[in-house]
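Asker: After the structure tokens below, expect a handful of questions from me.
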Amino acid sequence: MTKYFLSFLLTVYSCCAMAQQPAIIPQPVSLEVRKGIPGFVLQDGTELFAADSLVRSSAFLTAYLKRYYQLNLSPAAGEENHNVPRIILETGKIPGGREDQYQLQVEPGIVRITGNSAKAVFYGVQTLIQLFPAVNSAEISIPAVEIMDYPRFNYRGMHLDVSRHFFDITFVKQYIDYLALHKLNYFHWHLTDDHGWRIAIDQYPRLTEVGAWRDGTIIGLYPGTGNDGIRYGGFYTKDEIKEVISYAEDRYITIVPEIEMPGHAMSILAAYPEFGTNPGSKTRVAQTWGIFNKFNNVLQPTDQTFKFLENVLDEVVDLFPGSYIHIGGDECAKIWWKQSALSNRIVQQNGLKDMNGLQSYFVNRISRYLAGKGKKMIGWDEILDGGLAPDAIVMSWRGEAGGIAAAKQKHQVIMTPEMKTYFNHAQFLKEDSLTAAKLTTLETVYNYDPVPVGLNATDAAYIIGGQGNLWSEYISNPAKAEYQLFPRLDALSEVLWSPKEQRNYTDFQLRLKTQLKRYELMEINFSRRYLK
């Protein structure tokens, strides 16, 4: 028997084995198919038992079945009827004691999801959905299984940039649904940047009247082949933001708003030039991409500027109930501070060493203010420059070095290295759409591990999770956003949820085939090259 024939037989065996296993992403901690036991047949009118405290889970499941299978669940009235097929959602104590742990049991006549919390039950519902057939059917046959599951990391995030290109709340809510289906629990909403200010602030109406609009956008990949000259923009009202927050809460997703400072502030300076290092000059909302050493996009760290930012943050804090506020802190073009006599005077007056020290001074002051509001500050890894603020959380994007340094300083870290988790990059060497001129393949995402090699167990405990990022320079519509998101979101979800020792890319690819069929059912846009 040649080694090639043996390899062929192993491949066939693997495919046959997978055909008998439910294709679930992310892979559960444990999954047992109960061979020889009939499964559960879900039909129109199947009864659903769930306490009022689990209405988020029951509503999500009911809506999903109605939308994609045209099946209706019947809310059960009174005590459980053991003589009718039923789905039961309940909370209870499961061995292991993890808050997000759930157990899913399927047998003839009953589906039972038990969670240690209401949130855990919701995660169980997402797994149940993946036991449904990936095609529309008037009758859903679910295999007899027993699943025990819980997440590896506490922070499982996905980001969306709405500054370069604006997405309305209809798509933002759809985006949140995608995160929920993959058991992610944080949505990083990048609301402000040089290219547009997207959140209404009552005290400063010019932020949206002026800062939310640009007079044109470059054509093609940076540096571009011209400018389209078309006025572009948009912003969210406070009522719209509240609507999105409520929608996310119903899916156990916390929104992390990002308000960029002290750099990436051209949309601020276009509206309020007095907060810049050269208040006499006119600033326009950015029409091109990149880091703007050529254009002044840096806030002057004066008491006047800090009062403005504190007033803005007060309104942001009042809107967003989550624990985290992201302040950016990246790519600050310090050349404009160096050229400013006032900035240099602030450095001297505060005994700072250099402009890195000035950035640290700026970030520390904002961090203290947010702490006084009961919030924790997150920043990109540039906030390490000049020294970290106490209790600051570092989002490491320039590789892993910043995250490693922060963890060793006993700061919490969210890993999101650009060449591993940026979904705006191309997926293939020869991409079939306009994307950033960098490559992050599905396999690259899947094989990434957020805990860097070499960290000892004590320091590794400060890695609280990871995140994927979707920057929108070349993503101007929902279909393109979906194309960039899927199926790399599947790979990310397994990295952040499943036990490291159980991850296997070949096995993942087999399960992904079923998932892609489900995306076709849901009319999600993705590259058909993955179906080959």
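Residue numbering restarts at 1 for every chain of the structure tokens, chains are lettered A, B, ... in their displayed order, and ligands are numbered from 1 as they appear.
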Residues within 7 Å of Pro108 in chain A, please, as a short mmCIF file (atom, residue, chain, number, x, y, z; two decimals) with N, CA, C and O atoms, in the first residue's frame. Count only C-alpha atoms; anything in the same chain fewer than 5 positions from it doesn't count.

Answerer:
```cif
data_model
loop_
_atom_site.label_atom_id
_atom_site.label_comp_id
_atom_site.auth_asym_id
_atom_site.auth_seq_id
_atom_site.Cartn_x
_atom_site.Cartn_y
_atom_site.Cartn_z
N PRO A 38 -32.84 7.83 18.50
CA PRO A 38 -33.47 8.78 17.57
C PRO A 38 -33.31 10.21 18.07
O PRO A 38 -33.25 10.47 19.27
N GLY A 39 -33.24 11.12 17.14
CA GLY A 39 -33.11 12.52 17.52
C GLY A 39 -34.45 13.18 17.77
O GLY A 39 -35.45 12.51 18.11
N PHE A 40 -34.49 14.48 17.60
CA PHE A 40 -35.68 15.29 17.87
C PHE A 40 -36.19 15.86 16.55
O PHE A 40 -35.40 16.37 15.75
#
```

Asker: With only C-alpha atoms counted and 12 Å as the cut-off, give the residues of range 95-206 of chain A in contact with range 483-494 of chain A, each with its shortest interatomic distance in Å and the pair that gives it, as a tab-separated table.

Answerer:
```
residue	atom	partner	partner_atom	distance
A:Tyr150	CA	A:Glu494	CA	11.7
A:Pro151	CA	A:Glu494	CA	9.4
A:Arg152	CA	A:Glu494	CA	9.4
A:Phe153	CA	A:Ser493	CA	10.5
A:Tyr155	CA	A:Ser493	CA	11.1
A:Arg156	CA	A:Ser493	CA	7.6
A:Gly157	CA	A:Ser493	CA	9.0
A:Met158	CA	A:Leu489	CA	8.6
A:His159	CA	A:Leu485	CA	10.5
A:Leu160	CA	A:Leu485	CA	10.3
A:Tyr175	CA	A:Leu485	CA	9.6
A:Tyr178	CA	A:Leu489	CA	8.7
A:Leu179	CA	A:Leu489	CA	8.2
A:Ala180	CA	A:Ser493	CA	10.3
A:Leu181	CA	A:Ser493	CA	9.6
A:His182	CA	A:Ser493	CA	5.8
A:Lys183	CA	A:Ser493	CA	7.0
A:Leu184	CA	A:Ser493	CA	6.8
A:Asn185	CA	A:Ser493	CA	10.4
A:Tyr186	CA	A:Ser493	CA	11.9
```

Asker: How far is it from CA of Asp52 in chain A to CA of Ser74 in chain A, in Å with one decimal?

Answerer: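 Distance between the two atoms: 14.7 Å.
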
Asker: I'd like to know which residues of range 172-320 of chain A are strand (DSSP E) (by DSSP, run on the backbone); could you write them as a PyMOL selection string?

Answerer: chain A and resi 186-190+192-193+196-197+213-214+232-233+254-261

Asker: Those same residues - C-alpha atoms - I'd like them written as a JSON list (two decimals), in the first residue's frame.

Answerer:
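Output saved as selection-v7.json:
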```json
[["chain", "number", "residue", "atom", "x", "y", "z"],
["A", 186, "TYR", "CA", -18.01, 42.58, 22.54],
["A", 187, "PHE", "CA", -18.72, 44.93, 19.65],
["A", 188, "HIS", "CA", -16.04, 47.61, 19.23],
["A", 189, "TRP", "CA", -17.77, 50.53, 17.50],
["A", 190, "HIS", "CA", -15.17, 52.87, 15.96],
["A", 192, "THR", "CA", -14.78, 58.87, 15.29],
["A", 193, "ASP", "CA", -11.68, 59.46, 13.19],
["A", 196, "GLY", "CA", -15.97, 61.55, 10.00],
["A", 197, "TRP", "CA", -17.51, 62.05, 13.45],
["A", 213, "TRP", "CA", -19.21, 65.18, 6.39],
["A", 214, "ARG", "CA", -16.33, 65.20, 3.91],
["A", 232, "TYR", "CA", -20.18, 61.97, 1.98],
["A", 233, "GLY", "CA", -21.11, 61.36, 5.60],
["A", 254, "THR", "CA", -21.44, 44.79, 25.19],
["A", 255, "ILE", "CA", -20.65, 47.74, 22.95],
["A", 256, "VAL", "CA", -17.25, 49.40, 23.34],
["A", 257, "PRO", "CA", -17.45, 52.91, 21.82],
["A", 258, "GLU", "CA", -14.24, 54.44, 20.50],
["A", 259, "ILE", "CA", -13.71, 58.20, 20.63],
["A", 260, "GLU", "CA", -10.30, 58.88, 19.05],
["A", 261, "MET", "CA", -7.75, 61.12, 20.81]]
```

Asker: Pick the closest to His425 in chain A from A:Asn504, A:Asn364, A:Ser141, A:Ser472: which is it, counting only C-alpha atoms?

Answerer: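 Among the listed residues, the smallest separation from His425 in chain A belongs to A:Ser472.
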
Asker: What's around Glu473 in chain A at 12 Å? Count only C-alpha atoms, leave out sequence neighbours fewer than 5 positions away in its own chain, and write the answer as a PyMOL selection string.

Answerer: chain A and resi 160-166+193-196+217-224+286-290+423-425+434-437+480-481

Asker: As a tab-separated table (two decimals) with N, CA, C and O atoms, in the first residue's frame, list the residues of range 60-137 of chain A assigned to helix (DSSP H, G or I) by DSSP on the backbone atoms of this structure.

Answerer:
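That gives us part.tsv:
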```tsv
chain	number	residue	atom	x	y	z
A	60	PHE	N	-34.84	35.08	20.43
A	60	PHE	CA	-33.86	34.91	19.35
A	60	PHE	C	-34.12	33.61	18.59
A	60	PHE	O	-34.14	33.59	17.36
A	61	LEU	N	-34.34	32.52	19.33
A	61	LEU	CA	-34.60	31.23	18.71
A	61	LEU	C	-35.89	31.26	17.89
A	61	LEU	O	-35.93	30.78	16.75
A	62	THR	N	-36.93	31.83	18.46
A	62	THR	CA	-38.22	31.91	17.78
A	62	THR	C	-38.10	32.72	16.48
A	62	THR	O	-38.62	32.31	15.43
A	63	ALA	N	-37.42	33.85	16.55
A	63	ALA	CA	-37.27	34.71	15.37
A	63	ALA	C	-36.44	34.03	14.29
A	63	ALA	O	-36.74	34.14	13.09
A	64	TYR	N	-35.39	33.30	14.70
A	64	TYR	CA	-34.52	32.63	13.73
A	64	TYR	C	-35.31	31.55	12.97
A	64	TYR	O	-35.24	31.45	11.74
A	65	LEU	N	-36.07	30.74	13.70
A	65	LEU	CA	-36.86	29.68	13.05
A	65	LEU	C	-37.93	30.26	12.13
A	65	LEU	O	-38.19	29.73	11.04
A	66	LYS	N	-38.52	31.35	12.55
A	66	LYS	CA	-39.55	31.99	11.73
A	66	LYS	C	-38.96	32.55	10.45
A	66	LYS	O	-39.52	32.38	9.36
A	67	ARG	N	-37.80	33.20	10.57
A	67	ARG	CA	-37.21	33.88	9.42
A	67	ARG	C	-36.66	32.92	8.37
A	67	ARG	O	-36.88	33.09	7.17
A	68	TYR	N	-35.96	31.87	8.84
A	68	TYR	CA	-35.23	31.03	7.89
A	68	TYR	C	-35.91	29.70	7.57
A	68	TYR	O	-35.57	29.06	6.59
A	69	TYR	N	-36.90	29.29	8.39
A	69	TYR	CA	-37.58	28.02	8.14
A	69	TYR	C	-39.10	28.16	8.10
A	69	TYR	O	-39.80	27.18	7.85
A	118	ALA	N	-28.28	33.16	32.39
A	118	ALA	CA	-29.13	33.42	31.22
A	118	ALA	C	-28.27	33.58	29.97
A	118	ALA	O	-28.65	33.15	28.88
A	119	LYS	N	-27.10	34.19	30.14
A	119	LYS	CA	-26.18	34.36	29.00
A	119	LYS	C	-25.72	33.01	28.48
A	119	LYS	O	-25.62	32.79	27.26
A	120	ALA	N	-25.43	32.09	29.37
A	120	ALA	CA	-24.99	30.75	28.96
A	120	ALA	C	-26.09	30.04	28.17
A	120	ALA	O	-25.80	29.33	27.18
A	121	VAL	N	-27.34	30.21	28.57
A	121	VAL	CA	-28.45	29.62	27.82
A	121	VAL	C	-28.48	30.18	26.40
A	121	VAL	O	-28.70	29.45	25.42
A	122	PHE	N	-28.22	31.47	26.26
A	122	PHE	CA	-28.19	32.11	24.94
A	122	PHE	C	-27.12	31.48	24.06
A	122	PHE	O	-27.35	31.23	22.87
A	123	TYR	N	-25.95	31.20	24.64
A	123	TYR	CA	-24.90	30.54	23.88
A	123	TYR	C	-25.33	29.14	23.45
A	123	TYR	O	-25.02	28.68	22.35
A	124	GLY	N	-26.06	28.46	24.33
A	124	GLY	CA	-26.58	27.15	23.98
A	124	GLY	C	-27.55	27.20	22.81
A	124	GLY	O	-27.57	26.30	21.96
A	125	VAL	N	-28.33	28.29	22.74
A	125	VAL	CA	-29.25	28.47	21.62
A	125	VAL	C	-28.49	28.60	20.30
A	125	VAL	O	-28.90	28.06	19.27
A	126	GLN	N	-27.35	29.30	20.34
A	126	GLN	CA	-26.56	29.45	19.11
A	126	GLN	C	-26.03	28.10	18.63
A	126	GLN	O	-25.95	27.85	17.42
A	127	THR	N	-25.69	27.24	19.56
A	127	THR	CA	-25.26	25.89	19.18
A	127	THR	C	-26.43	25.08	18.63
A	127	THR	O	-26.29	24.37	17.63
A	128	LEU	N	-27.59	25.18	19.27
A	128	LEU	CA	-28.77	24.48	18.78
A	128	LEU	C	-29.08	24.86	17.33
A	128	LEU	O	-29.42	23.99	16.51
A	129	ILE	N	-28.95	26.13	17.01
A	129	ILE	CA	-29.22	26.61	15.66
A	129	ILE	C	-28.34	25.88	14.64
A	129	ILE	O	-28.77	25.56	13.52
```

Asker: For Tyr236 in chain A, please output as a PyMOL selection string all residues within 12 Å (counting only C-alpha atoms; exclusion window: fewer than 2 positions along the same chain).

Answerer: chain A and resi 162-163+166-170+172+189+191-192+196-201+207-209+212+233-234+238-244

Asker: Rank A:Ala144, A:Ile325, A:Val312, A:Leu299 by their smallest atom-to-atom distance to Gln203 in chain A, using only C-alpha atoms, and report the top residue only.

Answerer: A:Val312

Asker: Which residue gives the smallest distance to Gln43 in chain A among A:Pro22, A:Pro321, A:Gly109, A:Pro478, with only C-alpha atoms counted?

Answerer: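 Of A:Pro22, A:Pro321, A:Gly109, A:Pro478, the one nearest Gln43 in chain A is A:Gly109, counting only C-alpha atoms.
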
Asker: Given only C-alpha atoms as the basis, pick out the residue of A:Arg398, A:Lys376, A:Arg251, A:Arg231 nearest to Pro417 in chain A.

Answerer: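 So, comparing all the options, the nearest one is A:Arg398.
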
Asker: Do you know which residues are at most 9 Å from Leu429 in chain A counting only C-alpha atoms, after dropping those on the same chain fewer than 2 positions away, and could you put them as a ChimeraX atom specification?

Answerer: /A:426-427,431,439,441

Asker: Please identify all polymer residues within 6 Å of Glu47 in chain A, counting only C-alpha atoms, omitting same-chain residues fewer than 5 positions from it, and present them as a VMD selection string.

Answerer: chain A and resid 73 to 76 86

Asker: Using only C-alpha atoms, which residue out of A:Thr46, A:Ile88, A:Ser58, A:Glu310 lies closest to Asn72 in chain A?

Answerer: A:Thr46

Asker: Between A:Asp318, A:Glu249, A:Asp449, A:Glu139, single out the one closest to Trp497 in chain A, counting only C-alpha atoms.

Answerer: A:Asp449
